[in-house]
Every structure is written in C-alpha cells, then in structure tokens.
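Chemist: Coordinates in data17.txt, compact mmCIF, C-alpha atoms, are listed below.
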# COMPACT_ATOMS: atom_id res chain seq x y z
CA MET M 728 74.12 120.73 112.97
CA ILE M 729 76.13 119.51 109.99
CA PHE M 730 79.24 120.93 111.64
CA ILE M 731 78.58 118.94 114.83
CA GLU M 732 77.99 115.77 112.84
CA GLY M 733 81.27 116.39 111.02
CA ILE M 734 83.19 116.78 114.29
CA ILE M 735 81.65 113.62 115.79
CA SER M 736 82.37 111.56 112.68
CA LEU M 737 85.95 112.86 112.66
CA LEU M 738 86.37 111.72 116.26
CA PHE M 739 85.32 108.20 115.28
CA LEU M 740 87.70 108.17 112.32
CA VAL M 741 90.60 109.22 114.56
CA ALA M 742 89.59 106.58 117.12
CA ALA M 743 89.63 103.90 114.40
CA LEU M 744 93.09 104.96 113.21
CA LEU M 745 94.44 105.02 116.79
CA GLU M 746 92.98 101.57 117.40
CA LEU M 747 94.70 100.19 114.31
CA ASN M 748 98.07 101.79 115.03
CA TYR M 749 98.16 101.39 118.79
CA ASN M 750 101.17 99.05 118.83
CA SER M 751 103.35 101.54 116.99
CA LEU M 752 102.41 104.28 119.46
CA ARG M 753 103.75 102.44 122.50
CA GLY M 754 106.29 104.38 124.51
CA THR M 755 105.34 107.71 122.96
CA LEU M 756 103.54 110.71 124.36
CA PHE M 757 100.48 109.50 122.49
CA GLU M 758 100.30 106.39 124.66
CA ARG M 759 100.21 108.46 127.82
CA LEU M 760 97.37 110.52 126.39
CA THR M 761 95.31 107.58 125.19
CA VAL M 762 96.08 104.81 127.67
CA GLN M 763 92.97 105.38 129.74
CA PHE M 764 90.80 104.69 126.69
CA TYR M 765 92.63 101.51 125.76
CA VAL M 766 91.51 98.18 127.22
CA GLU M 767 94.34 95.62 127.11
CA ASP M 768 91.96 92.65 127.31
CA LEU M 769 90.39 93.71 124.03
CA ALA M 770 93.73 93.96 122.20
CA GLN M 771 92.95 90.95 120.01
CA TRP M 772 89.74 92.64 118.84
CA ASP M 773 91.54 95.77 117.58
CA TRP M 774 90.50 95.18 113.97
CA ALA M 775 86.86 94.55 114.87
CA ILE M 776 86.65 97.65 117.09
CA ALA M 777 88.28 99.78 114.37
CA CYS M 778 85.73 98.44 111.85
CA VAL M 779 82.88 99.42 114.18
CA TYR M 780 84.34 102.92 114.53
CA LEU M 781 84.67 103.18 110.74
CA LEU M 782 81.05 102.04 110.37
CA ILE M 783 79.89 104.78 112.75
CA PHE M 784 81.99 107.30 110.78
CA THR M 785 80.29 106.15 107.55
CA ILE M 786 76.82 106.48 109.11
CA PHE M 787 77.57 110.05 110.21
CA TRP M 788 78.94 110.85 106.77
CA PHE M 789 75.74 109.62 105.14
CA LEU M 790 73.76 111.76 107.59
CA ILE M 791 75.62 114.79 106.25
CA TYR M 792 75.26 113.55 102.66
CA TYR M 793 71.51 113.27 103.12
CA ARG M 794 71.27 117.00 103.97
CA SER M 795 73.80 118.42 101.57
CA LYS M 796 75.65 116.34 99.01
CA TRP M 797 78.30 118.85 98.03
CA ARG M 798 79.22 119.63 101.65
CA ALA M 799 79.66 115.94 102.38
CA LYS M 800 81.87 115.60 99.30
CA LEU M 801 83.92 118.66 100.28
CA TYR M 802 84.37 117.21 103.76
CA LEU M 803 85.59 113.89 102.36
CA GLU M 804 87.97 115.61 99.94
CA TYR M 805 89.47 117.62 102.77
CA LEU M 806 89.87 114.54 104.96
CA THR M 807 91.70 112.75 102.14
CA ARG M 808 93.91 115.73 101.36
CA ILE M 809 94.96 116.35 104.94
CA GLY M 810 95.19 112.66 105.87
CA VAL M 811 97.34 111.54 102.95
CA GLY M 812 99.45 114.71 103.05
CA ALA M 813 100.17 114.24 106.75
CA LEU M 814 100.96 110.56 106.12
CA PHE M 815 103.60 111.46 103.53
CA ILE M 816 105.10 114.23 105.66
CA ALA M 817 105.33 111.86 108.65
CA ALA M 818 106.92 109.18 106.47
CA SER M 819 109.53 111.54 105.02
CA ILE M 820 110.99 112.88 108.27
CA PHE M 821 113.19 109.97 109.36
CA LYS M 822 114.41 109.49 105.78
CA ILE M 823 115.50 113.12 105.50
CA LYS M 824 117.20 112.94 108.89
CA ASP M 825 119.24 109.87 108.00
CA PRO M 826 119.57 109.31 104.23
CA GLU M 827 122.46 106.87 104.70
CA LEU M 828 120.32 104.42 106.64
CA PHE M 829 117.48 104.86 104.19
CA SER M 830 119.77 104.09 101.26
CA MET M 831 120.63 100.77 102.94
CA LEU M 832 116.93 99.98 103.15
CA VAL M 833 116.51 100.88 99.47
CA ALA M 834 119.44 98.63 98.54
CA GLN M 835 117.79 95.72 100.33
CA TYR M 836 114.93 95.84 97.88
CA GLN M 837 117.45 94.94 95.12
CA PHE M 838 115.25 96.82 92.72
CA LEU M 839 117.37 99.70 91.46
CA PRO M 840 120.75 99.52 89.69
CA SER M 841 123.57 100.24 92.12
CA PHE M 842 124.35 103.73 90.74
CA ALA M 843 120.77 104.87 91.37
CA VAL M 844 120.35 103.74 94.98
CA ASN M 845 121.87 106.76 96.73
CA LEU M 846 120.38 109.13 94.18
CA PHE M 847 116.92 107.70 94.80
CA SER M 848 117.28 107.70 98.58
CA LEU M 849 118.33 111.35 98.58
CA LEU M 850 115.61 112.57 96.22
CA LEU M 851 112.57 110.52 97.28
CA PRO M 852 112.19 111.75 100.90
CA VAL M 853 112.34 115.38 99.79
CA LEU M 854 109.74 114.69 97.10
CA GLU M 855 107.57 113.00 99.75
CA LEU M 856 107.83 116.01 102.05
CA ILE M 857 107.16 118.60 99.36
CA GLY M 858 104.40 116.50 97.78
CA GLY M 859 102.70 116.10 101.16
CA ILE M 860 102.86 119.80 101.98
CA LEU M 861 101.64 120.76 98.50
CA LEU M 862 98.76 118.26 98.64
CA ILE M 863 97.53 119.82 101.88
CA VAL M 864 98.14 123.47 101.06
CA GLY M 865 98.59 123.95 97.35
CA PRO M 866 96.08 125.31 94.91
CA LYS M 867 96.81 122.74 92.17
CA THR M 868 95.32 119.78 94.01
CA ARG M 869 94.89 117.50 90.98
CA TRP M 870 98.49 117.93 89.87
CA ASN M 871 99.79 117.39 93.41
CA ALA M 872 97.66 114.28 93.75
CA LYS M 873 99.35 112.96 90.60
CA ILE M 874 102.77 113.32 92.28
CA ILE M 875 101.54 111.32 95.28
CA LEU M 876 99.98 108.75 92.95
CA PHE M 877 103.32 108.37 91.15
CA MET M 878 105.08 107.67 94.47
CA LEU M 879 102.39 105.22 95.56
CA THR M 880 102.84 103.31 92.28
CA LEU M 881 106.59 103.14 92.92
CA PHE M 882 106.04 101.79 96.45
CA ILE M 883 103.52 99.20 95.26
CA ILE M 884 105.84 97.92 92.51
CA ALA M 885 108.87 97.80 94.85
CA LEU M 886 107.00 96.09 97.70
CA SER M 887 105.25 93.54 95.51
CA GLN M 888 108.45 92.55 93.66
CA ALA M 889 110.23 92.13 97.02
CA LEU M 890 107.37 89.97 98.32
CA ILE M 891 107.28 87.85 95.15
CA ARG M 892 111.06 87.28 95.27
CA ASP M 893 110.78 86.53 99.00
CA LEU M 894 113.45 89.04 100.06
CA GLY M 895 114.01 89.70 103.75
CA ILE M 896 113.20 93.40 103.62
CA THR M 897 112.30 96.01 106.15
CA CYS M 898 109.59 98.22 104.77
CA GLY M 899 111.30 101.53 105.52
CA CYS M 900 107.96 103.27 105.33
CA PHE M 901 107.70 105.24 108.57
CA ASP M 902 110.51 104.05 110.76
CA ILE M 903 113.59 101.85 110.63
CA GLU M 904 111.98 99.46 113.08
CA GLY M 905 108.73 99.16 111.13
CA ALA M 906 107.75 96.06 109.16
CA GLN M 907 110.66 93.77 109.78
CA ASP M 908 108.71 90.67 108.89
CA LYS M 909 106.67 89.59 105.91
CA LYS M 910 103.38 90.46 107.58
CA GLY M 911 104.46 94.09 107.97
CA ALA M 912 105.37 94.28 104.28
CA TRP M 913 101.95 92.85 103.36
CA VAL M 914 100.23 95.43 105.58
CA ALA M 915 102.25 98.21 103.92
CA LEU M 916 101.33 96.90 100.46
CA ILE M 917 97.62 96.71 101.31
CA ARG M 918 97.74 100.22 102.81
CA ASP M 919 99.31 101.58 99.64
CA LEU M 920 96.73 99.78 97.49
CA LEU M 921 93.90 101.19 99.63
CA LEU M 922 95.28 104.70 99.14
CA VAL M 923 95.20 104.45 95.34
CA PRO M 924 91.41 104.95 94.69
CA PRO M 925 91.10 108.14 96.79
CA MET M 926 94.22 109.55 95.15
CA LEU M 927 92.82 108.68 91.72
CA PHE M 928 89.70 110.59 92.68
CA LEU M 929 91.76 113.56 93.86
CA SER M 930 93.87 113.56 90.70
CA LEU M 931 90.86 113.47 88.36
CA ARG M 932 87.77 114.98 89.94
CA THR M 933 88.56 117.25 92.87
CA ARG M 934 88.35 121.04 92.91
CA GLN M 935 91.61 122.92 92.62
CA CYS M 936 91.86 125.33 95.52
CA TRP M 937 93.95 126.47 98.44
CA ILE M 938 93.06 124.63 101.62
CA TRP M 939 91.55 127.78 103.15
CA ASP M 940 89.53 128.85 100.10
CA PRO M 941 86.13 127.38 101.04
CA PHE M 942 86.36 129.11 104.42
CA THR M 943 87.37 132.55 103.21
CA LEU M 944 85.99 133.18 99.73
CA ASN M 945 82.57 134.33 98.77
CA GLY M 946 80.35 134.81 101.75
CA SER M 947 80.62 135.37 105.43
CA PRO M 948 83.52 133.62 107.15
CA ARG M 949 81.16 132.64 109.97
CA SER M 950 79.15 130.46 107.60
CA GLY M 951 82.25 128.39 107.08
CA TYR M 952 81.17 127.30 103.62
CA VAL M 953 81.27 128.67 100.14
CA SER M 954 78.53 128.49 97.53
CA LYS M 955 78.63 125.71 94.94
CA ARG M 956 78.84 128.17 92.09
CA ARG M 957 82.33 129.31 93.02
CA PHE M 958 84.09 126.03 92.12
CA MET Z 630 98.84 120.69 79.73
CA LYS Z 631 101.92 122.84 79.14
CA ALA Z 632 101.41 124.61 82.47
CA GLU Z 633 101.27 121.22 84.21
CA TYR Z 634 104.68 120.21 82.85
CA LYS Z 635 106.12 123.56 83.87
CA TYR Z 636 104.74 123.03 87.38
CA TYR Z 637 106.36 119.60 87.63
CA LEU Z 638 109.63 121.01 86.32
CA ILE Z 639 109.64 123.67 89.05
CA ILE Z 640 108.92 121.04 91.71
CA ALA Z 641 111.74 118.85 90.35
CA GLY Z 642 114.09 121.83 90.67
CA ILE Z 643 113.01 122.47 94.26
CA VAL Z 644 113.39 118.79 95.14
CA LEU Z 645 116.86 118.61 93.62
CA SER Z 646 118.11 121.71 95.41
CA ALA Z 647 116.60 120.58 98.72
CA ALA Z 648 118.30 117.19 98.33
CA ILE Z 649 121.65 118.89 97.66
CA VAL Z 650 121.20 121.05 100.78
CA ASN Z 651 120.24 117.99 102.81
CA ASN Z 652 123.33 116.14 101.59
CA LEU Z 653 125.56 119.10 102.45
CA ARG Z 654 123.99 119.26 105.91
CA LEU Z 655 125.53 115.87 106.69
CA GLY Z 656 129.00 117.46 106.53
CA ASP Z 657 131.82 114.93 106.59
CA MET Z 658 129.45 112.02 106.19
CA LYS Z 659 128.40 113.29 102.78
CA ILE Z 660 126.85 110.57 100.62
CA ASN Z 661 128.22 109.84 97.18
CA TRP Z 662 125.34 110.47 94.77
CA PHE Z 663 126.03 107.61 92.36
CA ASP Z 664 126.90 104.84 94.75
CA SER Z 665 125.26 102.06 96.68
CA PRO Z 666 125.82 100.67 100.21
CA GLU Z 667 127.25 97.15 100.45
CA VAL Z 668 124.15 95.18 101.38
CA TRP Z 669 123.28 93.57 98.07
CA GLU Z 670 124.09 90.00 99.03
CA LYS Z 671 123.04 90.05 102.68
CA PRO Z 672 119.43 91.00 103.28
CA LEU Z 673 118.25 91.16 106.90
Would you write out, as structure tokens, the structure that this file holds?
Modeler:
Amino acid sequence: MIFIEGIISLLFLVAALLELNYNSLRGTLFERLTVQFYVEDLAQWDWAIACVYLLIFTIFWFLIYYRSKWRAKLYLEYLTRIGVGALFIAASIFKIKDPELFSMLVAQYQFLPSFAVNLFSLLLPVLELIGGILLIVGPKTRWNAKIILFMLTLFIIALSQALIRDLGITCGCFDIEGAQDKKGAWVALIRDLLLVPPMLFLSLRTRQCWIWDPFTLNGSPRSGYVSKRRF
Amino acid sequence: MKAEYKYYLIIAGIVLSAAIVNNLRLGDMKINWFDSPEVWEKPL
C-alpha cells in the first residue's frame, strides 16, 4: 500500500514539474507525449495548477509518513538525490559540448578575472556532471552533497551580483536560449535558493549509501526495504 | 575528516583530467586555458 501511495505521489510531483516547465519543452519529443494532457486555455494558471499538484504530493507523503516515518524520510531523500543529480547532469551536457560558447556566457557575468574565465568554463561543467552522477550513485552522499552545495553557492553569488549590477546576462543554466531576460535570471536565482535547504539536509543528516543499498541489503529483495538498524 | 579531503582531491584530479580530454576533443578549436573571450564591454 505504501508503495502504491509512493508511485501516485511521484506522478503528481512529475506533473507539477512538467506544468512549471512546459514552455521550455515546446518542440521536443516531450511535447508530443504530453500535449493531450495540456489545456492551452489554462496556460495562465500554470503556477496555480502546479501548486495544487504539489499539495496533493504533500498529502500523499504525509499519508506514508503517518504509517512509517523512516520510509517516508528515505523516500524523500531518494527523490532529492535523484532529482538534483539529474538536474545537474542535464545542465552540464550543453556546456561540455560547447565550452567556447559557455565561456562567453561566463564572461558576460563580469565576475571572474579574465585569466580565469576559460579555466572556469572548462572545469565547472565536468564538475557538474561528475557531482551529479556521484550524488545519485555514490556511497558518500554527504560529501557529494557538499560538492553540489558549493556549486549552488557559486551560482547564487554570480547571479545575484549580476542582478544587482543590472547586467544584461543570459543565465547559461540549461541552454543557451534560456533566461535571456531579467525575469529568467530571477527564476534561476530563486530555484537555486530553493535547492539550498534540501542540499544542506543531504550534506548533514542523510545516510551514506549506494543508491541500490536499501533494496539489496539485509532482507528479502521482494520487500524492497531494509531494516532501520542497518543505517 | 582526512578521508574527506582525500576524496575531494581524487575528484579534483578526475575533473581536471576530464576537462583536459574535453578540451583536446575540440581539436583545432582548442581553447586557451588562461584566456577570456572578448565580450567584457558588450553584454547582450
């Protein structure tokens, strides 16, 4: 029963994320898959609909929490690990493909001294990719979360100084096209700020394990869960 | 604590070598490591 609740709540979380990011999915395969669920007339209510979905997700999570606290916590930890890791991997791909273009975006921030711009734009995407993969897979979750937290701090400082100085920047977060106006930069800043508390939690309190450990160690694989004692 | 630093050192090594490989992959369009593109005075 808890498993079914978990699946249903996950569906609502994914629906909320799709609702929020629908504009950036236009023209992709994703649009063709999701277009029948999307009502154009309700486009202006995207935020409200996403909030309702998130509310339903929270209700389902509390239903799980009511039965078994540690399972609900494990579930939330896993969602954060996989979600943030996938976010960083997705963000790193275009930067690794085209470091020259990314270094131009970095230079626009006018934040680093000129000798460090290319160095930074070659090293950061690789760190993003490796940090993302390690956060999802790796056994040292707290240490990996600290790497991600370090990068988030960098992004927050760079974005906020660019916004304060009123520079005409493109965010350069996920795509070259993304965030070409001030509103996009604000959205990116708020997203980074929202990611800080869960990453703080992961870097201080989470269990250190491989992603598959709770499903393989200590007990029958069919149960899908491991006893509390193990961690 | 010591193990943590060692872990970060290993990751730094992996990142550096991957960045070098990525830069070599670009072939003739190799980027100069200690340089900056000319966009300082003209933001978008």
Chemist: Could you state the separation of atom CA of Gly733 of chain M and atom CA of Ala799 of chain M in Å, given to one decimal place?
Modeler: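 These atoms are spaced 8.8 Å apart.
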Chemist: Kindly give the distance, in Å, that separates atom CA of Trp937 of chain M and atom CA of Gly865 of chain M, rounded to a single decimal.
Modeler: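 We find that atom CA of Trp937 of chain M and atom CA of Gly865 of chain M lie 5.4 Å from each other.
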Chemist: Closest to chain Z among M:Ile783, M:Leu803, M:Ile735, M:Leu851, using only C-alpha atoms?
Modeler: M:Leu851
Chemist: Which residues of chain M have any atom within 8 Å of an atom in chain Z when counting all atoms listed in the file, and what is the closest pair of atoms for each, with the distance in Å to one decimal? Order the rows by chain and rising number and write it as JSON lines.
Modeler:
{"residue": "M:Ile823", "atom": "CA", "partner": "Z:Asn651", "partner_atom": "CA", "distance": 7.3}
{"residue": "M:Glu827", "atom": "CA", "partner": "Z:Ile660", "partner_atom": "CA", "distance": 7.0}
{"residue": "M:Ser830", "atom": "CA", "partner": "Z:Pro666", "partner_atom": "CA", "distance": 7.0}
{"residue": "M:Met831", "atom": "CA", "partner": "Z:Pro666", "partner_atom": "CA", "distance": 5.9}
{"residue": "M:Ala834", "atom": "CA", "partner": "Z:Trp669", "partner_atom": "CA", "distance": 6.4}
{"residue": "M:Gln835", "atom": "CA", "partner": "Z:Pro672", "partner_atom": "CA", "distance": 5.8}
{"residue": "M:Gln837", "atom": "CA", "partner": "Z:Trp669", "partner_atom": "CA", "distance": 6.7}
{"residue": "M:Ser841", "atom": "CA", "partner": "Z:Ser665", "partner_atom": "CA", "distance": 5.2}
{"residue": "M:Phe842", "atom": "CA", "partner": "Z:Phe663", "partner_atom": "CA", "distance": 4.5}
{"residue": "M:Ala843", "atom": "CA", "partner": "Z:Phe663", "partner_atom": "CA", "distance": 6.0}
{"residue": "M:Val844", "atom": "CA", "partner": "Z:Ser665", "partner_atom": "CA", "distance": 5.5}
{"residue": "M:Asn845", "atom": "CA", "partner": "Z:Trp662", "partner_atom": "CA", "distance": 5.4}
{"residue": "M:Leu846", "atom": "CA", "partner": "Z:Trp662", "partner_atom": "CA", "distance": 5.2}
{"residue": "M:Leu849", "atom": "CA", "partner": "Z:Ala648", "partner_atom": "CA", "distance": 5.8}
{"residue": "M:Leu850", "atom": "CA", "partner": "Z:Ala648", "partner_atom": "CA", "distance": 5.7}
{"residue": "M:Val853", "atom": "CA", "partner": "Z:Val644", "partner_atom": "CA", "distance": 5.9}
{"residue": "M:Leu854", "atom": "CA", "partner": "Z:Val644", "partner_atom": "CA", "distance": 5.8}
{"residue": "M:Ile857", "atom": "CA", "partner": "Z:Val644", "partner_atom": "CA", "distance": 7.5}
{"residue": "M:Trp870", "atom": "CA", "partner": "Z:Glu633", "partner_atom": "CA", "distance": 7.1}
{"residue": "M:Leu894", "atom": "CA", "partner": "Z:Pro672", "partner_atom": "CA", "distance": 7.1}
{"residue": "M:Gly895", "atom": "CA", "partner": "Z:Leu673", "partner_atom": "CA", "distance": 5.5}
{"residue": "M:Ile896", "atom": "CA", "partner": "Z:Leu673", "partner_atom": "CA", "distance": 6.4}
{"residue": "M:Thr897", "atom": "CA", "partner": "Z:Leu673", "partner_atom": "CA", "distance": 7.7}
Chemist: Which one is closest to Asp940 of chain M: M:Phe739, M:Trp797, M:Tyr805, M:Tyr792? Count only C-alpha atoms.
Modeler: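 Checking each candidate against Asp940 of chain M, we get M:Tyr805 as the closest.
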Chemist: Nearest to Leu828 of chain M: which of M:Ser848, M:Trp939, M:Phe815, M:Arg934 is it, counting only C-alpha atoms?
Modeler: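 Closest to Leu828 of chain M, using only C-alpha atoms: M:Ser848.
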Chemist: Starting from 6 Å padding per side, set up an axis-aligned box that covers all listed atoms of segment 639-645 of chain Z and hand over centre and edge lengths in Å, one decimal, as JSON.
Modeler:
{"center_x": 112.9, "center_y": 121.1, "center_z": 92.1, "size_x": 19.9, "size_y": 17.1, "size_z": 18.1}
